[in-house]
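K.L.:
Can you read through this structure? Questions will come right after.
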Amino acid sequence: MSIKQEEVIRPIANFPPSVWGDQFLNYDKQTAKQVEVEQRVQDLKVDVRKDIATFLDVQTEHTNLLKLIDAIQRLGVSYLFEEEIEQAIQRICGAYGDDWNGGSPSLWFRILRQQGFYVSCDIFNEYKDETGSFKESLTSDVQGLLELYEATYLSVQGEVILEDALVFTKTHLNKIVKDLMVSNSTLSTHIQEALKQPIRKRLPRLEALRYIRFYEQQDVYNKSLLELAKLDFNLLQSLHREELSQLSRYTCRQTPRTHLSINFLLVNTHTYIHTYIHTYIHAYIHAYIYIYIEKV
């Protein structure tokens, strides 16, 4: 008696075609040009290091030093100057302690706390009047108000003055945004983005792309630093594209019939990793644009 074998029906994966097709398979690495760019980067690093050293040696330039460090960090190139920044912050902290007497106290407070130095928030008491309320004159200095707003996100539990400052700055910045819509749309957009997501909560590499465009529109900026930030951005983007090209070719060779679908998953995974596993979908989309498409 024969046993009747049942036909086995295997499920079909039926992956959808990749929305990116084969665009990541080919990557044209221009070695000669890249060597030239990398040499230019080294030259610009020397220039920026000289600027840091110059500001550090002159006490009256310490406020400008903090502004330079802030720009370096927000432009995404702080990893190139880790030793210089650490040395500068150590010197400033040792020289002033909690008694900062330079300009931009909010910037001083934020930079030092970002670097792990616990400086007192008592410096903000000078922003209050006899009644204990924040001085209305603060609202006439938009940049100072924005710096104070950003500084409040470096507070720790129990610092009531920073909690009050957050409410005060948010209220007035929202009013200022409406007034600047026509007269200064760039600054208005800058403030809106800050209100939506303060520096403390941003992804560094995405912040670099956004801040490069804002920084180059300022009346005063460090030309060497700006050029360095742009070149570094494009070099890193090229590296990401080269990585993805190599991975795409590998999956194409291993699974020629389904490589389009696997490439779709590969691109998603690669982007996911480089966005620091961020959960917001808008950041994911912007990260894809940053890593593979956008140029500065």
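Naming scheme: A, B, ... for chains in displayed order of the structure tokens; residues 1 onward per chain; ligands 1 onward as shown.
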Please run DSSP on the backbone and report, as a ChimeraX atom specification, all residues within region 62-221 of chain A that come out as alpha helix (DSSP H).
P.N.:
/A:62-74,82-96,105-114,142-151,160-183,185-196,204-215
K.L.:
What lies within 10 Å of Asp164 (chain A) using only C-alpha atoms, ignoring chain neighbours under 5 positions off, as a list in words?
P.N.:
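Counting only C-alpha atoms, the residues come to Ser133, Phe134, Thr152, Glu159 and Thr169 of chain A.
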K.L.:
Export, as a JSON list (two decimals), in the first residue's frame, the selected residues with C-alpha atoms.
P.N.:
[["chain", "number", "residue", "atom", "x", "y", "z"],
["A", 133, "SER", "CA", 11.03, 88.89, 38.50],
["A", 134, "PHE", "CA", 13.17, 88.74, 35.41],
["A", 152, "THR", "CA", 17.87, 76.31, 31.09],
["A", 159, "GLU", "CA", 17.35, 74.98, 40.39],
["A", 169, "THR", "CA", 12.26, 82.95, 27.78]]
K.L.:
Please identify all polymer residues within 12 Å of Gly116 (chain A), counting only C-alpha atoms, omitting same-chain residues fewer than 6 positions from it, and present them as number ranges by chain.
P.N.:
A: 86, 89-90, 93, 109-110, 154
K.L.:
Within 9 Å of Ile161 (chain A), counting only C-alpha atoms, which residues show up once you throw out same-chain ones fewer than 2 positions away? Write them as a PyMOL selection string, please.
P.N.:
chain A and resi 121-122+124-125+152+158-159+163-166
K.L.:
Need the shell around Arg202 (chain A): protein/DNA/RNA residues with any atom at most 12 Å away, counting only C-alpha atoms. Skip same-chain ones fewer than 2 positions apart. Format as a short mmCIF file (atom, residue, chain, number, x, y, z; two decimals) with N, CA, C and O atoms, in the first residue's frame?
P.N.:
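Ended up saving to selection_17.cif:
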data_model
loop_
_atom_site.label_atom_id
_atom_site.label_comp_id
_atom_site.auth_asym_id
_atom_site.auth_seq_id
_atom_site.Cartn_x
_atom_site.Cartn_y
_atom_site.Cartn_z
N ARG A 74 28.57 73.02 17.37
CA ARG A 74 27.31 72.99 16.61
C ARG A 74 27.52 72.71 15.12
O ARG A 74 26.61 72.22 14.44
N GLY A 76 29.56 70.51 14.12
CA GLY A 76 29.84 69.08 14.01
C GLY A 76 31.30 68.69 13.88
O GLY A 76 31.60 67.57 13.45
N GLU A 150 18.46 78.32 26.02
CA GLU A 150 19.23 77.10 25.82
C GLU A 150 19.91 76.66 27.12
O GLU A 150 20.04 75.46 27.39
N TYR A 153 18.14 74.27 29.79
CA TYR A 153 18.06 72.82 29.58
C TYR A 153 19.27 72.08 30.16
O TYR A 153 19.35 70.87 30.06
N GLU A 193 13.03 76.89 15.51
CA GLU A 193 13.66 75.57 15.61
C GLU A 193 14.15 75.31 17.03
O GLU A 193 14.08 74.18 17.53
N ALA A 194 14.65 76.36 17.68
CA ALA A 194 15.12 76.22 19.06
C ALA A 194 13.96 75.92 20.00
O ALA A 194 14.07 75.09 20.91
N LEU A 195 12.84 76.60 19.79
CA LEU A 195 11.67 76.36 20.63
C LEU A 195 11.11 74.96 20.42
O LEU A 195 10.60 74.33 21.35
N LYS A 196 11.21 74.48 19.21
CA LYS A 196 10.72 73.14 18.90
C LYS A 196 11.64 72.07 19.47
O LYS A 196 11.18 71.03 19.98
N GLN A 197 12.95 72.32 19.39
CA GLN A 197 13.93 71.33 19.85
C GLN A 197 15.21 72.04 20.25
O GLN A 197 16.01 72.43 19.41
N PRO A 198 15.45 72.22 21.55
CA PRO A 198 16.67 72.89 22.00
C PRO A 198 17.92 72.10 21.65
O PRO A 198 17.85 70.91 21.34
N ILE A 199 19.07 72.76 21.70
CA ILE A 199 20.35 72.14 21.33
C ILE A 199 20.56 70.84 22.09
O ILE A 199 21.05 69.85 21.53
N ARG A 200 20.22 70.84 23.35
CA ARG A 200 20.46 69.69 24.22
C ARG A 200 19.79 68.42 23.69
O ARG A 200 20.26 67.31 23.95
N PRO A 204 23.61 65.58 16.88
CA PRO A 204 24.75 66.43 16.49
C PRO A 204 24.97 66.55 14.99
O PRO A 204 25.20 67.64 14.47
N ARG A 205 24.93 65.44 14.26
CA ARG A 205 25.23 65.52 12.83
C ARG A 205 24.12 66.21 12.04
O ARG A 205 24.38 66.90 11.06
N LEU A 206 22.88 66.05 12.47
CA LEU A 206 21.79 66.76 11.81
C LEU A 206 21.84 68.24 12.17
O LEU A 206 21.51 69.10 11.35
N GLU A 207 22.24 68.54 13.39
CA GLU A 207 22.40 69.92 13.80
C GLU A 207 23.49 70.60 12.97
O GLU A 207 23.38 71.78 12.62
N ALA A 208 24.53 69.85 12.64
CA ALA A 208 25.62 70.41 11.83
C ALA A 208 25.11 70.90 10.48
O ALA A 208 25.44 72.00 10.04
N LEU A 209 24.29 70.09 9.83
CA LEU A 209 23.74 70.47 8.52
C LEU A 209 22.90 71.73 8.64
O LEU A 209 23.02 72.65 7.82
N ARG A 210 22.08 71.80 9.65
CA ARG A 210 21.21 72.96 9.85
C ARG A 210 22.02 74.20 10.21
O ARG A 210 21.81 75.29 9.67
N TYR A 211 23.01 74.03 11.09
CA TYR A 211 23.73 75.19 11.61
C TYR A 211 24.72 75.75 10.59
O TYR A 211 25.01 76.95 10.62
N THR A 275 21.56 57.33 12.72
CA THR A 275 20.71 58.31 13.39
C THR A 275 20.64 58.03 14.88
O THR A 275 19.77 58.53 15.57
N TYR A 276 21.58 57.21 15.38
CA TYR A 276 21.66 56.90 16.80
C TYR A 276 20.36 56.26 17.32
O TYR A 276 19.95 56.47 18.45
N HIS A 278 17.31 56.80 16.63
CA HIS A 278 16.32 57.82 16.99
C HIS A 278 14.93 57.34 16.62
O HIS A 278 14.72 56.73 15.59
N TYR A 280 12.10 59.28 16.24
CA TYR A 280 11.21 60.19 15.54
C TYR A 280 11.35 60.02 14.03
O TYR A 280 12.45 60.11 13.49
N ALA A 283 13.14 62.80 11.98
CA ALA A 283 14.60 62.78 12.12
C ALA A 283 15.18 61.68 11.24
O ALA A 283 16.25 61.82 10.66
#
K.L.:
Which residue is closest to Asn174 (chain A)? Choose from A:His240, A:Arg40, A:Arg91, A:His190 and count only C-alpha atoms.
P.N.:
A:His190
K.L.:
Using only C-alpha atoms, find the one residue out of A:Thr31, A:Ser104, A:Thr189, A:Thr171 that sits nearest to Asp141 (chain A).
P.N.:
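The shortest atom-to-atom distance to Asp141 (chain A) comes from A:Ser104.
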K.L.:
May I ask which of the residues A:Leu173, A:Val77, A:Lys33, A:Asn64 is the closest one to Phe233 (chain A), counting only C-alpha atoms?
P.N.:
A:Val77
K.L.:
To one decimal place in Å, what is the distance between CA of Asp179 (chain A) and CA of Glu136 (chain A)?
P.N.:
16.8 Å
K.L.:
I'd like the contact shell of Ile52 (chain A) - 8 Å cut-off, only C-alpha atoms, skipping same-chain residues fewer than 5 positions apart - returned as JSON, numbers by chain.
P.N.:
{"A": [65, 68, 84, 88]}
K.L.:
Using CA of Phe168 (chain A) and CA of Tyr149 (chain A) as the two end points, give the distance in Å to one decimal.
P.N.:
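Pair CA of Phe168 (chain A) / CA of Tyr149 (chain A) returns 8.5 Å.
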K.L.:
Can you work out which one of A:Lys45, A:Glu36, A:Asn184, A:Ile92 has the shortest atom-to-atom distance to Tyr79 (chain A), counting only C-alpha atoms?
P.N.:
A:Lys45
